[in-house]
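Below is data.txt, which holds compact mmCIF, C-alpha atoms.
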```
# COMPACT_ATOMS: atom_id res chain seq x y z
CA MET A 1 -67.78 -15.42 65.56
CA THR A 2 -65.09 -18.05 66.07
CA THR A 3 -65.92 -21.68 66.79
CA PRO A 4 -64.14 -22.90 69.94
CA LEU A 5 -61.44 -25.50 69.40
CA ILE A 6 -61.95 -29.08 70.52
CA TRP A 7 -58.72 -30.35 72.08
CA ARG A 8 -57.71 -34.02 72.02
CA LYS A 9 -54.84 -36.02 73.48
CA SER A 10 -52.88 -38.86 72.00
CA SER A 11 -53.54 -42.37 73.21
CA PHE A 12 -49.81 -42.38 74.04
CA SER A 13 -50.28 -39.83 76.84
CA GLY A 14 -48.71 -42.01 79.51
CA GLY A 15 -50.10 -43.24 82.79
CA GLY A 16 -51.99 -41.46 85.54
CA GLU A 17 -54.12 -38.54 84.45
CA GLY A 18 -52.64 -38.65 80.94
CA ASN A 19 -51.41 -35.10 81.28
CA ALA A 20 -47.79 -35.63 80.23
CA CYS A 21 -48.37 -34.91 76.58
CA LEU A 22 -49.40 -32.41 73.99
CA GLU A 23 -52.94 -31.79 72.87
CA ILE A 24 -53.99 -30.80 69.37
CA ALA A 25 -57.04 -29.06 67.98
CA GLU A 26 -57.99 -28.88 64.33
CA GLY A 27 -59.49 -25.72 62.92
CA PRO A 28 -60.69 -25.18 59.35
CA THR A 29 -57.34 -23.73 58.22
CA HIS A 30 -54.93 -24.50 61.05
CA ILE A 31 -53.77 -26.99 63.68
CA SER A 32 -53.06 -25.79 67.22
CA VAL A 33 -50.82 -27.53 69.75
CA ARG A 34 -50.64 -26.95 73.51
CA ASP A 35 -49.07 -28.46 76.62
CA SER A 36 -51.63 -30.59 78.46
CA LYS A 37 -50.08 -29.65 81.81
CA ALA A 38 -50.62 -25.94 81.16
CA PRO A 39 -53.58 -25.59 78.78
CA ALA A 40 -54.18 -21.92 79.58
CA ARG A 41 -50.70 -20.96 78.39
CA ALA A 42 -49.66 -20.16 74.83
CA THR A 43 -50.33 -22.48 71.90
CA LEU A 44 -48.41 -23.13 68.71
CA THR A 45 -50.50 -22.71 65.57
CA PHE A 46 -49.60 -24.17 62.18
CA ALA A 47 -51.18 -23.78 58.80
CA ALA A 48 -52.92 -27.12 58.18
CA GLN A 49 -50.62 -27.98 55.25
CA ALA A 50 -47.51 -27.35 57.39
CA PHE A 51 -48.46 -29.68 60.25
CA THR A 52 -47.74 -33.01 58.53
CA PRO A 53 -44.19 -31.98 57.49
CA PHE A 54 -43.62 -30.68 61.04
CA ILE A 55 -44.57 -34.07 62.54
CA ALA A 56 -42.45 -35.89 59.93
CA ALA A 57 -39.45 -33.75 60.90
CA LEU A 58 -39.97 -34.62 64.58
CA LYS A 59 -40.05 -38.33 63.74
CA ALA A 60 -36.98 -38.20 61.46
CA PRO A 61 -33.81 -39.91 62.67
CA ALA A 62 -31.32 -37.59 64.35
CA ALA A 63 -29.00 -37.81 61.32
CA ASP A 64 -31.71 -36.23 59.18
CA ALA A 65 -32.54 -33.47 61.66
CA GLY A 66 -30.02 -31.04 60.17
CA SER A 67 -31.37 -31.24 56.65
CA VAL A 68 -34.04 -28.73 55.72
CA GLU A 69 -35.98 -28.97 52.49
```
Written as structure tokens, that's how I'd like the structure from this file.
Amino acid sequence: MTTPLIWRKSSFSGGGEGNACLEIAEGPTHISVRDSKAPARATLTFAAQAFTPFIAALKAPAADAGSVE
């Protein structure tokens, strides 16, 4: 039996309903990401150890975006 994921939004979700953002859910071995405007659609799932480097790459300056380690 699989435990249902608990989704949470960033405090930087924007005004109004706060639905202009992504939501994340942490599982025991993975992190899932979904669009808050369309939660029933597909999710992206990352191995837990891959999520932090993914976020770091998103935050990297544009000049660093082409370099892959």
Suppose you want the space between atom CA of Ile31 of chain A and atom CA of Thr52 of chain A; what is it in Å? 10.0 Å
Do you have the atom CA of His30 of chain A-atom CA of Ala56 of chain A distance handy?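 If I compute the distance from atom CA of His30 of chain A to atom CA of Ala56 of chain A, I get 16.9 Å.
Interatomic distance, atom CA of Arg8 of chain A to atom CA of Pro61 of chain A: 26.3 Å.
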Close residues, Gln49 of chain A itself excluded, 12 Å, only C-alpha atoms, min 3 positions apart in chain, as a ChimeraX atom specification: /A:26-31,45-46,52-55
For Leu22 of chain A, list every protein, DNA or RNA residue within 6 Å, evaluated using all atoms listed in the file, and leave out those in the same chain fewer than 2 positions away; present the list as a VMD selection string. chain A and resid 34 to 36
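For the set A:Val33, A:Ala25, A:Ala38, A:Ala47, the residue with the smallest atom-to-atom gap to Leu5 of chain A is A:Ala25, counting all atoms listed in the file.
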For Trp7 of chain A, the nearest of the candidates A:Ile24, A:Ala48, A:Ala40, A:Ala60, counting only C-alpha atoms: A:Ile24
With the input short on atoms, add all heavy atoms back to segment 33-44 of chain A and write it as a PDB file, keeping the file's coordinate frame.
```pdb
ATOM      1  N   VAL A  33     -51.452 -26.587  68.836  1.00  0.00           N
ATOM      2  CA  VAL A  33     -50.820 -27.530  69.750  1.00  0.00           C
ATOM      3  C   VAL A  33     -50.601 -26.825  71.073  1.00  0.00           C
ATOM      4  O   VAL A  33     -50.195 -25.655  71.107  1.00  0.00           O
ATOM      5  CB  VAL A  33     -49.452 -27.999  69.182  1.00  0.00           C
ATOM      6  CG1 VAL A  33     -48.781 -28.998  70.104  1.00  0.00           C
ATOM      7  CG2 VAL A  33     -49.609 -28.574  67.794  1.00  0.00           C
ATOM      8  N   ARG A  34     -50.870 -27.536  72.191  1.00  0.00           N
ATOM      9  CA  ARG A  34     -50.640 -26.950  73.510  1.00  0.00           C
ATOM     10  C   ARG A  34     -50.133 -28.027  74.475  1.00  0.00           C
ATOM     11  O   ARG A  34     -50.292 -29.232  74.240  1.00  0.00           O
ATOM     12  CB  ARG A  34     -51.891 -26.297  74.065  1.00  0.00           C
ATOM     13  CG  ARG A  34     -52.969 -27.268  74.479  1.00  0.00           C
ATOM     14  CD  ARG A  34     -54.197 -26.538  74.987  1.00  0.00           C
ATOM     15  NE  ARG A  34     -55.223 -27.479  75.435  1.00  0.00           N
ATOM     16  CZ  ARG A  34     -56.417 -27.138  75.821  1.00  0.00           C
ATOM     17  NH1 ARG A  34     -56.770 -25.857  75.802  1.00  0.00           N
ATOM     18  NH2 ARG A  34     -57.295 -28.040  76.223  1.00  0.00           N
ATOM     19  N   ASP A  35     -49.557 -27.582  75.561  1.00  0.00           N
ATOM     20  CA  ASP A  35     -49.070 -28.460  76.620  1.00  0.00           C
ATOM     21  C   ASP A  35     -50.245 -28.851  77.494  1.00  0.00           C
ATOM     22  O   ASP A  35     -50.935 -27.990  78.049  1.00  0.00           O
ATOM     23  CB  ASP A  35     -48.011 -27.722  77.441  1.00  0.00           C
ATOM     24  CG  ASP A  35     -47.378 -28.551  78.536  1.00  0.00           C
ATOM     25  OD1 ASP A  35     -47.868 -29.653  78.844  1.00  0.00           O
ATOM     26  OD2 ASP A  35     -46.385 -28.081  79.102  1.00  0.00           O
ATOM     27  N   SER A  36     -50.486 -30.153  77.667  1.00  0.00           N
ATOM     28  CA  SER A  36     -51.630 -30.590  78.460  1.00  0.00           C
ATOM     29  C   SER A  36     -51.497 -30.242  79.931  1.00  0.00           C
ATOM     30  O   SER A  36     -52.499 -30.171  80.635  1.00  0.00           O
ATOM     31  CB  SER A  36     -51.857 -32.094  78.292  1.00  0.00           C
ATOM     32  OG  SER A  36     -50.761 -32.814  78.817  1.00  0.00           O
ATOM     33  N   LYS A  37     -50.272 -30.018  80.402  1.00  0.00           N
ATOM     34  CA  LYS A  37     -50.080 -29.650  81.810  1.00  0.00           C
ATOM     35  C   LYS A  37     -50.380 -28.182  82.068  1.00  0.00           C
ATOM     36  O   LYS A  37     -50.574 -27.777  83.205  1.00  0.00           O
ATOM     37  CB  LYS A  37     -48.642 -29.964  82.236  1.00  0.00           C
ATOM     38  CG  LYS A  37     -48.319 -31.455  82.258  1.00  0.00           C
ATOM     39  CD  LYS A  37     -46.893 -31.697  82.676  1.00  0.00           C
ATOM     40  CE  LYS A  37     -45.953 -31.026  81.755  1.00  0.00           C
ATOM     41  NZ  LYS A  37     -45.077 -31.762  80.926  1.00  0.00           N
ATOM     42  N   ALA A  38     -50.380 -27.375  81.013  1.00  0.00           N
ATOM     43  CA  ALA A  38     -50.620 -25.940  81.160  1.00  0.00           C
ATOM     44  C   ALA A  38     -51.505 -25.448  80.008  1.00  0.00           C
ATOM     45  O   ALA A  38     -51.076 -24.651  79.180  1.00  0.00           O
ATOM     46  CB  ALA A  38     -49.289 -25.192  81.190  1.00  0.00           C
ATOM     47  N   PRO A  39     -52.739 -25.915  79.932  1.00  0.00           N
ATOM     48  CA  PRO A  39     -53.580 -25.590  78.780  1.00  0.00           C
ATOM     49  C   PRO A  39     -53.937 -24.112  78.624  1.00  0.00           C
ATOM     50  O   PRO A  39     -54.288 -23.691  77.526  1.00  0.00           O
ATOM     51  CB  PRO A  39     -54.834 -26.439  79.005  1.00  0.00           C
ATOM     52  CG  PRO A  39     -54.844 -26.760  80.446  1.00  0.00           C
ATOM     53  CD  PRO A  39     -53.414 -26.790  80.880  1.00  0.00           C
ATOM     54  N   ALA A  40     -53.840 -23.342  79.679  1.00  0.00           N
ATOM     55  CA  ALA A  40     -54.180 -21.920  79.580  1.00  0.00           C
ATOM     56  C   ALA A  40     -53.025 -21.089  79.022  1.00  0.00           C
ATOM     57  O   ALA A  40     -53.216 -19.928  78.677  1.00  0.00           O
ATOM     58  CB  ALA A  40     -54.582 -21.381  80.943  1.00  0.00           C
ATOM     59  N   ARG A  41     -51.855 -21.689  78.917  1.00  0.00           N
ATOM     60  CA  ARG A  41     -50.700 -20.960  78.390  1.00  0.00           C
ATOM     61  C   ARG A  41     -50.739 -20.908  76.868  1.00  0.00           C
ATOM     62  O   ARG A  41     -51.674 -21.388  76.235  1.00  0.00           O
ATOM     63  CB  ARG A  41     -49.421 -21.599  78.898  1.00  0.00           C
ATOM     64  CG  ARG A  41     -49.350 -21.460  80.434  1.00  0.00           C
ATOM     65  CD  ARG A  41     -48.099 -22.002  80.993  1.00  0.00           C
ATOM     66  NE  ARG A  41     -47.044 -21.008  80.801  1.00  0.00           N
ATOM     67  CZ  ARG A  41     -45.790 -21.227  81.134  1.00  0.00           C
ATOM     68  NH1 ARG A  41     -45.424 -22.368  81.645  1.00  0.00           N
ATOM     69  NH2 ARG A  41     -44.887 -20.295  80.941  1.00  0.00           N
ATOM     70  N   ALA A  42     -49.720 -20.371  76.277  1.00  0.00           N
ATOM     71  CA  ALA A  42     -49.660 -20.160  74.830  1.00  0.00           C
ATOM     72  C   ALA A  42     -49.758 -21.460  74.034  1.00  0.00           C
ATOM     73  O   ALA A  42     -49.380 -22.526  74.512  1.00  0.00           O
ATOM     74  CB  ALA A  42     -48.360 -19.442  74.475  1.00  0.00           C
ATOM     75  N   THR A  43     -50.257 -21.351  72.820  1.00  0.00           N
ATOM     76  CA  THR A  43     -50.330 -22.480  71.900  1.00  0.00           C
ATOM     77  C   THR A  43     -49.462 -22.195  70.687  1.00  0.00           C
ATOM     78  O   THR A  43     -49.157 -21.045  70.386  1.00  0.00           O
ATOM     79  CB  THR A  43     -51.776 -22.726  71.422  1.00  0.00           C
ATOM     80  OG1 THR A  43     -52.219 -21.563  70.715  1.00  0.00           O
ATOM     81  CG2 THR A  43     -52.706 -23.003  72.574  1.00  0.00           C
ATOM     82  N   LEU A  44     -49.061 -23.260  70.012  1.00  0.00           N
ATOM     83  CA  LEU A  44     -48.410 -23.130  68.710  1.00  0.00           C
ATOM     84  C   LEU A  44     -49.493 -23.364  67.670  1.00  0.00           C
ATOM     85  O   LEU A  44     -50.316 -24.270  67.809  1.00  0.00           O
ATOM     86  CB  LEU A  44     -47.325 -24.193  68.533  1.00  0.00           C
ATOM     87  CG  LEU A  44     -46.100 -24.088  69.416  1.00  0.00           C
ATOM     88  CD1 LEU A  44     -45.206 -25.305  69.207  1.00  0.00           C
ATOM     89  CD2 LEU A  44     -45.349 -22.820  69.109  1.00  0.00           C
TER      90      LEU A  44
END
```
